[in-house]
Amino acid sequence: MGDDLMDNIVSLCKRRGFIFANSDIYGGLSNTWDYGPFGVEFKNNVKRAWWKANVHCRDDIYGMDAAILMHPNVWDASGHIKQFHDYKSDCKTCHKLFKIADLNPVRKKSPKGKGLSNGVKDKNICPDCGGKLTEARPFNLMFKTYQGVVEDKASLLYLRPETAQGMFVNFLNVLDSCHPKLPFGLAQIGKAFRNEVTPGNFTFRTREFEQMEIEYFVHPDHADKKLEEWIEDRFNWYINLGIRKENLRKRLHGQDELAHYAAACTDIEYKFPFGWQELEGIANRTDFDLKQHGESSGKDFRYFDTESKERFYPYIIEPSGGVDRTTLAFLVDAYREEEVKKRKRVFLSLHKDLAPIKVAVLPLLTNRAEIVELARNICQDLKKKYFCVYDDTAAIGKLYRRQDEVGTPYCVTVDVESLEDRKVTVRDRDTMNQDRIGIDKLKDYLKQRLAG
Ligand code: GAP
């Protein structure tokens, strides 16, 4: 069932213009995907919903958009050059490459700089062919590139593996320009790159992906409480946007799987067809990052509290999620199949804020110019408010099926009677119920149902 569901989703994504294999005509670049016309609308809506909840609807979070390329000292100070490793091993017989964390699910990451645990050493047999595995070797996940015309050590740069550092290095700029008081946060959405050993499961794990990250600065004494608040807040964000509660859970990290900067972390996991997997991690990064950048740059990253006259390094609570795998989770959760009049109906029961198209206007007959004109005018008018499309390229049954498959909440049909009674039929995607509405009342009708 799991494999079938994923196959159906991958096929729908291609058929309906959500997601295409990258560089397809040249055989594809493995595990790299392009978002098509409806995919980009859908993914933008996911990002918009996140930004609205975390930046626009709060008084204590500022948005940011830092560059992907950063000074190489950033990655030295952050610990990524020394510690941002996966451990890999390959089979001496079949030569297949394995990530150690996948061979030994108990230990997801290797202990900091200590080599591998006994658990890992025991797993030296290839799960595919039974051959012997090589010694596990560390593998830095950062992509390298060069700035300027000379490709040498001095011009070496990295593609950022997380958006977070762009916010830490701007901490003092935000203090100086916006004068926020603790607790406050910075939020950013942007590309990140990791040379993953084992990407896969469609858009779930890729080498190029987008993150949505918040760095929330708090007094160290308040860090534990704020961490708990953020875990609840972020969990509810998914539920409010339609993810079914039984498909979402929280998982506390064991001490031995924490990243090198974290004192605690809880993942929000989704039950994908390929198993429970992380959507987002909410971590207490302590004062690690601000201290590191302070020491490395020689700048004072401490915060001065004007009331208590205290000067200290704030702790950072970090809710960090992936745009692509969150978008995939919304897609999987919304996928529905049902039988209608002995035919299979496939539809995406997406939350209205996430649906790529909000309204489709469909003329019932195209051989009557007045009907086409009226339908086009209605669509044009609705476009001022919603992403709305006009389609007359097939019979009505087929047009409905197309819109169902991309999750369009409402279809407006214009027929012969519309010319007389100035009314249209509005069809609901989930129930297939139809209402006959006056054209002059249509905007109000949709506003009540679509207003975010
Ligand atoms: N700044 C903290 C940080 O980057 P992370 O757990 O390594 O933490 C955060 O990544 C989120 O980024 C993950 O929860 C996941 O949603 C997303 N992510 C990480 N690696 C990814 C990959 N290779 N492909 C897609 N998304 C990824």
# chains A, B, ... in the order shown; residues from 1 in each chain; ligands from 1
$ closest_atom_pairs --of "chain A" --to "ligand 1" --cutoff "8 Å" --atoms "only C-alpha atoms and all ligand atoms" --output "JSON lines"
{"residue": "A:Pro161", "atom": "CA", "partner": "ligand 1", "partner_atom_place_in_ligand_line": "4 (O)", "distance": 6.9}
{"residue": "A:Glu162", "atom": "CA", "partner": "ligand 1", "partner_atom_place_in_ligand_line": "4 (O)", "distance": 4.7}
{"residue": "A:Thr163", "atom": "CA", "partner": "ligand 1", "partner_atom_place_in_ligand_line": "1 (N)", "distance": 6.5}
{"residue": "A:Ala164", "atom": "CA", "partner": "ligand 1", "partner_atom_place_in_ligand_line": "1 (N)", "distance": 5.1}
{"residue": "A:Gln165", "atom": "CA", "partner": "ligand 1", "partner_atom_place_in_ligand_line": "1 (N)", "distance": 7.9}
{"residue": "A:Phe193", "atom": "CA", "partner": "ligand 1", "partner_atom_place_in_ligand_line": "23 (N)", "distance": 7.4}
{"residue": "A:Arg194", "atom": "CA", "partner": "ligand 1", "partner_atom_place_in_ligand_line": "23 (N)", "distance": 6.0}
{"residue": "A:Asn195", "atom": "CA", "partner": "ligand 1", "partner_atom_place_in_ligand_line": "23 (N)", "distance": 7.8}
{"residue": "A:Glu196", "atom": "CA", "partner": "ligand 1", "partner_atom_place_in_ligand_line": "23 (N)", "distance": 6.1}
{"residue": "A:Pro199", "atom": "CA", "partner": "ligand 1", "partner_atom_place_in_ligand_line": "23 (N)", "distance": 6.6}
{"residue": "A:Thr203", "atom": "CA", "partner": "ligand 1", "partner_atom_place_in_ligand_line": "25 (C)", "distance": 6.8}
{"residue": "A:Phe204", "atom": "CA", "partner": "ligand 1", "partner_atom_place_in_ligand_line": "25 (C)", "distance": 5.3}
{"residue": "A:Arg205", "atom": "CA", "partner": "ligand 1", "partner_atom_place_in_ligand_line": "24 (N)", "distance": 3.5}
{"residue": "A:Thr206", "atom": "CA", "partner": "ligand 1", "partner_atom_place_in_ligand_line": "24 (N)", "distance": 4.1}
{"residue": "A:Arg207", "atom": "CA", "partner": "ligand 1", "partner_atom_place_in_ligand_line": "23 (N)", "distance": 5.2}
{"residue": "A:Glu208", "atom": "CA", "partner": "ligand 1", "partner_atom_place_in_ligand_line": "24 (N)", "distance": 6.8}
{"residue": "A:Phe209", "atom": "CA", "partner": "ligand 1", "partner_atom_place_in_ligand_line": "25 (C)", "distance": 5.1}
{"residue": "A:Glu210", "atom": "CA", "partner": "ligand 1", "partner_atom_place_in_ligand_line": "26 (N)", "distance": 6.7}
{"residue": "A:Gln211", "atom": "CA", "partner": "ligand 1", "partner_atom_place_in_ligand_line": "12 (O)", "distance": 5.3}
{"residue": "A:Met212", "atom": "CA", "partner": "ligand 1", "partner_atom_place_in_ligand_line": "12 (O)", "distance": 7.6}
{"residue": "A:Glu213", "atom": "CA", "partner": "ligand 1", "partner_atom_place_in_ligand_line": "1 (N)", "distance": 6.9}
{"residue": "A:Asp267", "atom": "CA", "partner": "ligand 1", "partner_atom_place_in_ligand_line": "14 (O)", "distance": 7.3}
{"residue": "A:Glu278", "atom": "CA", "partner": "ligand 1", "partner_atom_place_in_ligand_line": "14 (O)", "distance": 5.6}
{"residue": "A:Leu279", "atom": "CA", "partner": "ligand 1", "partner_atom_place_in_ligand_line": "16 (O)", "distance": 4.4}
{"residue": "A:Glu280", "atom": "CA", "partner": "ligand 1", "partner_atom_place_in_ligand_line": "14 (O)", "distance": 3.5}
{"residue": "A:Gly281", "atom": "CA", "partner": "ligand 1", "partner_atom_place_in_ligand_line": "14 (O)", "distance": 4.9}
{"residue": "A:Ala283", "atom": "CA", "partner": "ligand 1", "partner_atom_place_in_ligand_line": "2 (C)", "distance": 7.9}
{"residue": "A:Glu318", "atom": "CA", "partner": "ligand 1", "partner_atom_place_in_ligand_line": "1 (N)", "distance": 7.2}
{"residue": "A:Pro319", "atom": "CA", "partner": "ligand 1", "partner_atom_place_in_ligand_line": "2 (C)", "distance": 7.9}
{"residue": "A:Ser320", "atom": "CA", "partner": "ligand 1", "partner_atom_place_in_ligand_line": "9 (C)", "distance": 4.7}
{"residue": "A:Gly321", "atom": "CA", "partner": "ligand 1", "partner_atom_place_in_ligand_line": "11 (C)", "distance": 4.1}
{"residue": "A:Gly322", "atom": "CA", "partner": "ligand 1", "partner_atom_place_in_ligand_line": "16 (O)", "distance": 3.2}
{"residue": "A:Val323", "atom": "CA", "partner": "ligand 1", "partner_atom_place_in_ligand_line": "16 (O)", "distance": 6.8}
{"residue": "A:Asp324", "atom": "CA", "partner": "ligand 1", "partner_atom_place_in_ligand_line": "25 (C)", "distance": 6.1}
{"residue": "A:Arg325", "atom": "CA", "partner": "ligand 1", "partner_atom_place_in_ligand_line": "26 (N)", "distance": 5.9}
{"residue": "A:Thr326", "atom": "CA", "partner": "ligand 1", "partner_atom_place_in_ligand_line": "16 (O)", "distance": 7.0}
$ write_last_selection --atoms "C-alpha atoms" --output "PDB file, in the first residue's frame"
ATOM      1  CA  PRO A 161      24.091  23.601   4.546  1.00  0.00           C
ATOM      2  CA  GLU A 162      21.594  25.478   6.751  1.00  0.00           C
ATOM      3  CA  THR A 163      20.044  28.956   6.549  1.00  0.00           C
ATOM      4  CA  ALA A 164      20.571  29.445  10.291  1.00  0.00           C
ATOM      5  CA  GLN A 165      24.096  30.886  10.105  1.00  0.00           C
ATOM      6  CA  PHE A 193      22.675  22.233   0.098  1.00  0.00           C
ATOM      7  CA  ARG A 194      24.030  18.987   1.494  1.00  0.00           C
ATOM      8  CA  ASN A 195      25.996  16.352  -0.365  1.00  0.00           C
ATOM      9  CA  GLU A 196      23.850  13.584   1.152  1.00  0.00           C
ATOM     10  CA  PRO A 199      19.216  10.915  -0.879  1.00  0.00           C
ATOM     11  CA  THR A 203      11.562  15.061  -2.619  1.00  0.00           C
ATOM     12  CA  PHE A 204      12.013  13.873   0.968  1.00  0.00           C
ATOM     13  CA  ARG A 205      15.832  13.844   1.041  1.00  0.00           C
ATOM     14  CA  THR A 206      17.639  15.726  -1.697  1.00  0.00           C
ATOM     15  CA  ARG A 207      20.983  17.473  -2.052  1.00  0.00           C
ATOM     16  CA  GLU A 208      19.406  20.834  -2.864  1.00  0.00           C
ATOM     17  CA  PHE A 209      16.397  21.767  -0.715  1.00  0.00           C
ATOM     18  CA  GLU A 210      14.720  24.644   1.051  1.00  0.00           C
ATOM     19  CA  GLN A 211      14.519  25.270   4.770  1.00  0.00           C
ATOM     20  CA  MET A 212      12.146  27.374   6.898  1.00  0.00           C
ATOM     21  CA  GLU A 213      14.050  28.296  10.039  1.00  0.00           C
ATOM     22  CA  ASP A 267      11.511  16.193  15.964  1.00  0.00           C
ATOM     23  CA  GLU A 278      11.341  13.962  10.398  1.00  0.00           C
ATOM     24  CA  LEU A 279       9.621  17.090   9.056  1.00  0.00           C
ATOM     25  CA  GLU A 280      11.138  19.533  11.481  1.00  0.00           C
ATOM     26  CA  GLY A 281      13.501  19.622  14.457  1.00  0.00           C
ATOM     27  CA  ALA A 283      16.331  22.396  19.161  1.00  0.00           C
ATOM     28  CA  GLU A 318      15.492  26.810  16.753  1.00  0.00           C
ATOM     29  CA  PRO A 319      12.422  25.396  14.975  1.00  0.00           C
ATOM     30  CA  SER A 320      13.941  24.221  11.693  1.00  0.00           C
ATOM     31  CA  GLY A 321      11.825  22.595   8.994  1.00  0.00           C
ATOM     32  CA  GLY A 322      12.221  21.545   5.377  1.00  0.00           C
ATOM     33  CA  VAL A 323       9.945  23.137   2.775  1.00  0.00           C
ATOM     34  CA  ASP A 324      10.123  20.242   0.334  1.00  0.00           C
ATOM     35  CA  ARG A 325       9.369  17.434   2.744  1.00  0.00           C
ATOM     36  CA  THR A 326       6.630  19.498   4.437  1.00  0.00           C
TER      37      THR A 326
END
$ residues_around --residues "segment 17-34 of chain A" --least-positions-apart "2" --cutoff "9 Å" --atoms "only C-alpha atoms" --output "ChimeraX atom specification"
/A:10,12-15,36-42,199-203,205-208,406
$ write_last_selection --atoms "N, CA and C atoms" --output "compact mmCIF listing (two decimals), in the first residue's frame"
# COMPACT_ATOMS: atom_id res chain seq x y z
N VAL A 10 3.75 10.17 -7.08
CA VAL A 10 4.80 10.59 -8.02
C VAL A 10 4.19 10.74 -9.42
N LEU A 12 0.97 11.31 -10.17
CA LEU A 12 0.08 12.49 -10.21
C LEU A 12 0.91 13.78 -10.33
N CYS A 13 2.03 13.82 -9.61
CA CYS A 13 2.87 15.03 -9.63
C CYS A 13 3.37 15.32 -11.05
N LYS A 14 3.72 14.26 -11.77
CA LYS A 14 4.20 14.47 -13.13
C LYS A 14 3.04 14.81 -14.07
N ARG A 15 1.96 14.02 -13.95
CA ARG A 15 0.80 14.17 -14.85
C ARG A 15 0.15 15.53 -14.72
N GLY A 36 6.84 22.19 -11.09
CA GLY A 36 6.14 22.69 -12.28
C GLY A 36 5.10 23.74 -11.90
N PRO A 37 4.24 24.12 -12.87
CA PRO A 37 3.30 25.23 -12.66
C PRO A 37 2.45 25.12 -11.40
N PHE A 38 1.90 23.94 -11.08
CA PHE A 38 1.06 23.85 -9.88
C PHE A 38 1.91 23.57 -8.65
N GLY A 39 3.05 22.89 -8.84
CA GLY A 39 3.96 22.61 -7.72
C GLY A 39 4.51 23.89 -7.12
N VAL A 40 4.87 24.84 -7.98
CA VAL A 40 5.46 26.07 -7.44
C VAL A 40 4.41 26.88 -6.70
N GLU A 41 3.15 26.86 -7.19
CA GLU A 41 2.08 27.58 -6.48
C GLU A 41 1.86 26.94 -5.10
N PHE A 42 1.83 25.61 -5.09
CA PHE A 42 1.59 24.85 -3.86
C PHE A 42 2.71 25.10 -2.85
N PRO A 199 20.47 10.19 -0.67
CA PRO A 199 19.22 10.92 -0.88
C PRO A 199 18.14 9.94 -1.34
N GLY A 200 16.90 10.37 -1.34
CA GLY A 200 15.86 9.47 -1.87
C GLY A 200 14.50 9.72 -1.31
N ASN A 201 13.57 8.81 -1.66
CA ASN A 201 12.15 8.96 -1.32
C ASN A 201 11.59 10.25 -1.90
N PHE A 202 11.73 10.37 -3.22
CA PHE A 202 11.18 11.50 -3.98
C PHE A 202 11.79 12.80 -3.45
N THR A 203 10.98 13.78 -3.05
CA THR A 203 11.56 15.06 -2.62
C THR A 203 11.90 15.06 -1.13
N ARG A 205 14.42 13.54 0.74
CA ARG A 205 15.83 13.84 1.04
C ARG A 205 16.55 14.10 -0.28
N THR A 206 16.97 15.34 -0.46
CA THR A 206 17.64 15.73 -1.70
C THR A 206 18.92 16.47 -1.34
N ARG A 207 19.72 16.77 -2.34
CA ARG A 207 20.98 17.47 -2.05
C ARG A 207 20.78 18.99 -2.10
N GLU A 208 19.78 19.42 -2.85
CA GLU A 208 19.41 20.83 -2.86
C GLU A 208 17.98 20.90 -2.33
N VAL A 406 -5.70 18.45 -8.84
CA VAL A 406 -4.75 19.47 -8.35
C VAL A 406 -5.29 20.15 -7.09
$ select_by_dssp --residues "segment 40-207 of chain A" --states "strand (DSSP E or B)" --output "mmCIF file with N, CA and C atoms, in the first residue's frame"
data_model
loop_
_atom_site.group_PDB
_atom_site.id
_atom_site.type_symbol
_atom_site.label_atom_id
_atom_site.label_comp_id
_atom_site.auth_asym_id
_atom_site.auth_seq_id
_atom_site.Cartn_x
_atom_site.Cartn_y
_atom_site.Cartn_z
ATOM 1 N N ILE A 61 8.973 38.451 15.931
ATOM 2 C CA ILE A 61 9.857 37.785 14.958
ATOM 3 C C ILE A 61 10.037 38.665 13.727
ATOM 4 N N TYR A 62 11.294 38.806 13.305
ATOM 5 C CA TYR A 62 11.630 39.607 12.123
ATOM 6 C C TYR A 62 12.053 38.669 10.992
ATOM 7 N N GLY A 63 11.653 39.000 9.773
ATOM 8 C CA GLY A 63 12.056 38.200 8.619
ATOM 9 C C GLY A 63 13.454 38.568 8.155
ATOM 10 N N MET A 64 14.095 37.641 7.440
ATOM 11 C CA MET A 64 15.442 37.869 6.904
ATOM 12 C C MET A 64 15.586 37.128 5.582
ATOM 13 N N LEU A 69 25.960 32.225 -0.236
ATOM 14 C CA LEU A 69 27.416 32.171 -0.060
ATOM 15 C C LEU A 69 27.804 33.040 1.137
ATOM 16 N N HIS A 85 29.458 15.906 9.456
ATOM 17 C CA HIS A 85 29.786 14.680 8.733
ATOM 18 C C HIS A 85 28.669 13.656 8.782
ATOM 19 N N ASP A 86 28.581 12.875 7.746
ATOM 20 C CA ASP A 86 27.909 11.590 7.836
ATOM 21 C C ASP A 86 29.023 10.556 7.759
ATOM 22 N N TYR A 87 28.720 9.341 8.224
ATOM 23 C CA TYR A 87 29.698 8.268 8.082
ATOM 24 C C TYR A 87 29.211 7.300 7.020
ATOM 25 N N LYS A 88 30.104 6.949 6.096
ATOM 26 C CA LYS A 88 29.691 6.048 5.019
ATOM 27 C C LYS A 88 30.601 4.824 4.989
ATOM 28 N N SER A 89 30.073 3.795 4.379
ATOM 29 C CA SER A 89 30.803 2.545 4.286
ATOM 30 C C SER A 89 30.346 1.893 2.988
ATOM 31 N N ASP A 90 31.245 1.201 2.281
ATOM 32 C CA ASP A 90 30.739 0.528 1.091
ATOM 33 C C ASP A 90 31.071 -0.967 1.109
ATOM 34 N N CYS A 91 30.310 -1.692 0.325
ATOM 35 C CA CYS A 91 30.425 -3.149 0.334
ATOM 36 C C CYS A 91 31.592 -3.561 -0.557
ATOM 37 N N LEU A 97 27.036 1.772 -1.653
ATOM 38 C CA LEU A 97 27.412 2.722 -0.608
ATOM 39 C C LEU A 97 26.313 2.807 0.450
ATOM 40 N N PHE A 98 26.696 2.797 1.726
ATOM 41 C CA PHE A 98 25.698 2.904 2.798
ATOM 42 C C PHE A 98 26.041 4.039 3.735
ATOM 43 N N LYS A 99 24.976 4.662 4.257
ATOM 44 C CA LYS A 99 25.166 5.649 5.317
ATOM 45 C C LYS A 99 25.065 4.872 6.624
ATOM 46 N N ILE A 125 28.256 -5.965 7.838
ATOM 47 C CA ILE A 125 27.789 -6.882 6.794
ATOM 48 C C ILE A 125 26.832 -6.137 5.870
ATOM 49 N N LYS A 132 31.342 -8.111 2.933
ATOM 50 C CA LYS A 132 31.944 -7.341 4.042
ATOM 51 C C LYS A 132 31.911 -5.856 3.714
ATOM 52 N N LEU A 133 31.602 -5.038 4.726
ATOM 53 C CA LEU A 133 31.626 -3.585 4.521
ATOM 54 C C LEU A 133 33.002 -3.029 4.874
ATOM 55 N N ARG A 137 33.874 5.624 7.094
ATOM 56 C CA ARG A 137 34.703 6.829 6.912
ATOM 57 C C ARG A 137 33.833 8.079 6.998
ATOM 58 N N PRO A 138 34.341 9.152 7.651
ATOM 59 C CA PRO A 138 33.567 10.392 7.726
ATOM 60 C C PRO A 138 33.530 11.067 6.364
ATOM 61 N N PHE A 139 32.480 11.806 6.140
ATOM 62 C CA PHE A 139 32.244 12.392 4.829
ATOM 63 C C PHE A 139 31.581 13.751 5.069
ATOM 64 N N ASN A 140 32.299 14.854 4.782
ATOM 65 C CA ASN A 140 31.709 16.178 5.043
ATOM 66 C C ASN A 140 30.609 16.463 4.027
ATOM 67 N N LYS A 144 31.335 22.298 -2.034
ATOM 68 C CA LYS A 144 32.378 23.333 -2.165
ATOM 69 C C LYS A 144 32.230 24.043 -3.502
ATOM 70 N N THR A 145 32.657 25.312 -3.515
ATOM 71 C CA THR A 145 32.742 26.032 -4.781
ATOM 72 C C THR A 145 33.870 27.072 -4.653
ATOM 73 N N TYR A 146 34.151 27.782 -5.735
ATOM 74 C CA TYR A 146 35.238 28.765 -5.691
ATOM 75 C C TYR A 146 34.714 30.118 -6.130
ATOM 76 N N LEU A 156 38.171 29.250 -1.782
ATOM 77 C CA LEU A 156 37.192 28.208 -1.470
ATOM 78 C C LEU A 156 36.007 28.759 -0.671
ATOM 79 N N LEU A 157 34.801 28.456 -1.146
ATOM 80 C CA LEU A 157 33.571 28.804 -0.421
ATOM 81 C C LEU A 157 32.696 27.559 -0.329
ATOM 82 N N TYR A 158 31.657 27.655 0.506
ATOM 83 C CA TYR A 158 30.727 26.528 0.659
ATOM 84 C C TYR A 158 29.307 26.996 0.339
ATOM 85 N N LEU A 159 28.505 26.117 -0.237
ATOM 86 C CA LEU A 159 27.073 26.398 -0.348
ATOM 87 C C LEU A 159 26.492 26.114 1.039
ATOM 88 N N PHE A 184 13.128 37.476 21.266
ATOM 89 C CA PHE A 184 12.718 37.814 19.906
ATOM 90 C C PHE A 184 13.369 36.820 18.950
ATOM 91 N N GLY A 185 12.877 36.801 17.709
ATOM 92 C CA GLY A 185 13.408 35.818 16.771
ATOM 93 C C GLY A 185 13.652 36.374 15.391
ATOM 94 N N LEU A 186 14.408 35.618 14.620
ATOM 95 C CA LEU A 186 14.601 35.902 13.198
ATOM 96 C C LEU A 186 14.078 34.696 12.426
ATOM 97 N N ALA A 187 13.502 34.954 11.262
ATOM 98 C CA ALA A 187 12.938 33.854 10.465
ATOM 99 C C ALA A 187 13.422 33.985 9.040
ATOM 100 N N GLN A 188 13.686 32.857 8.437
ATOM 101 C CA GLN A 188 14.188 32.882 7.062
ATOM 102 C C GLN A 188 13.751 31.624 6.319
ATOM 103 N N ILE A 189 13.467 31.819 5.030
ATOM 104 C CA ILE A 189 13.186 30.677 4.150
ATOM 105 C C ILE A 189 14.198 30.740 3.023
ATOM 106 N N GLY A 190 14.870 29.640 2.741
ATOM 107 C CA GLY A 190 15.833 29.709 1.644
ATOM 108 C C GLY A 190 16.458 28.365 1.344
ATOM 109 N N LYS A 191 17.232 28.355 0.272
ATOM 110 C CA LYS A 191 17.881 27.116 -0.181
ATOM 111 C C LYS A 191 19.016 26.708 0.749
ATOM 112 N N ALA A 192 19.183 25.402 0.889
ATOM 113 C CA ALA A 192 20.347 24.849 1.581
ATOM 114 C C ALA A 192 20.817 23.648 0.756
ATOM 115 N N PHE A 193 22.081 23.288 0.935
ATOM 116 C CA PHE A 193 22.675 22.233 0.098
ATOM 117 C C PHE A 193 23.456 21.270 0.987
ATOM 118 N N GLY A 200 16.899 10.369 -1.338
ATOM 119 C CA GLY A 200 15.863 9.467 -1.869
ATOM 120 C C GLY A 200 14.495 9.719 -1.309
ATOM 121 N N ARG A 205 14.421 13.536 0.744
ATOM 122 C CA ARG A 205 15.832 13.844 1.041
ATOM 123 C C ARG A 205 16.548 14.099 -0.276
#
$ atom_distance --atom1 "atom CA of Lys96 of chain A" --atom2 "atom CA of Cys126 of chain A"
8.3 Å
$ closest_residue --among "A:Cys379, A:Ala259, A:Leu328, A:Ala334" --to "Gln83 of chain A" --atoms "only C-alpha atoms"
A:Ala259
$ select_by_dssp --residues "segment 195-262 of chain A" --states "alpha helix (DSSP H)" --output "list of chain:residue names"
A:Ala223, A:Asp224, A:Lys225, A:Lys226, A:Leu227, A:Glu228, A:Glu229, A:Trp230, A:Ile231, A:Glu232, A:Asp233, A:Arg234, A:Phe235, A:Asn236, A:Trp237, A:Tyr238, A:Ile239, A:Asn240
$ atom_distance --atom1 "atom CA of Glu215 of chain A" --atom2 "atom CA of His293 of chain A"
14.9 Å
$ residues_around --residues "Asp415 of chain A" --least-positions-apart "5" --cutoff "8 Å" --atoms "only C-alpha atoms" --output "JSON, numbers by chain"
{"A": [363, 364, 365, 371, 424]}
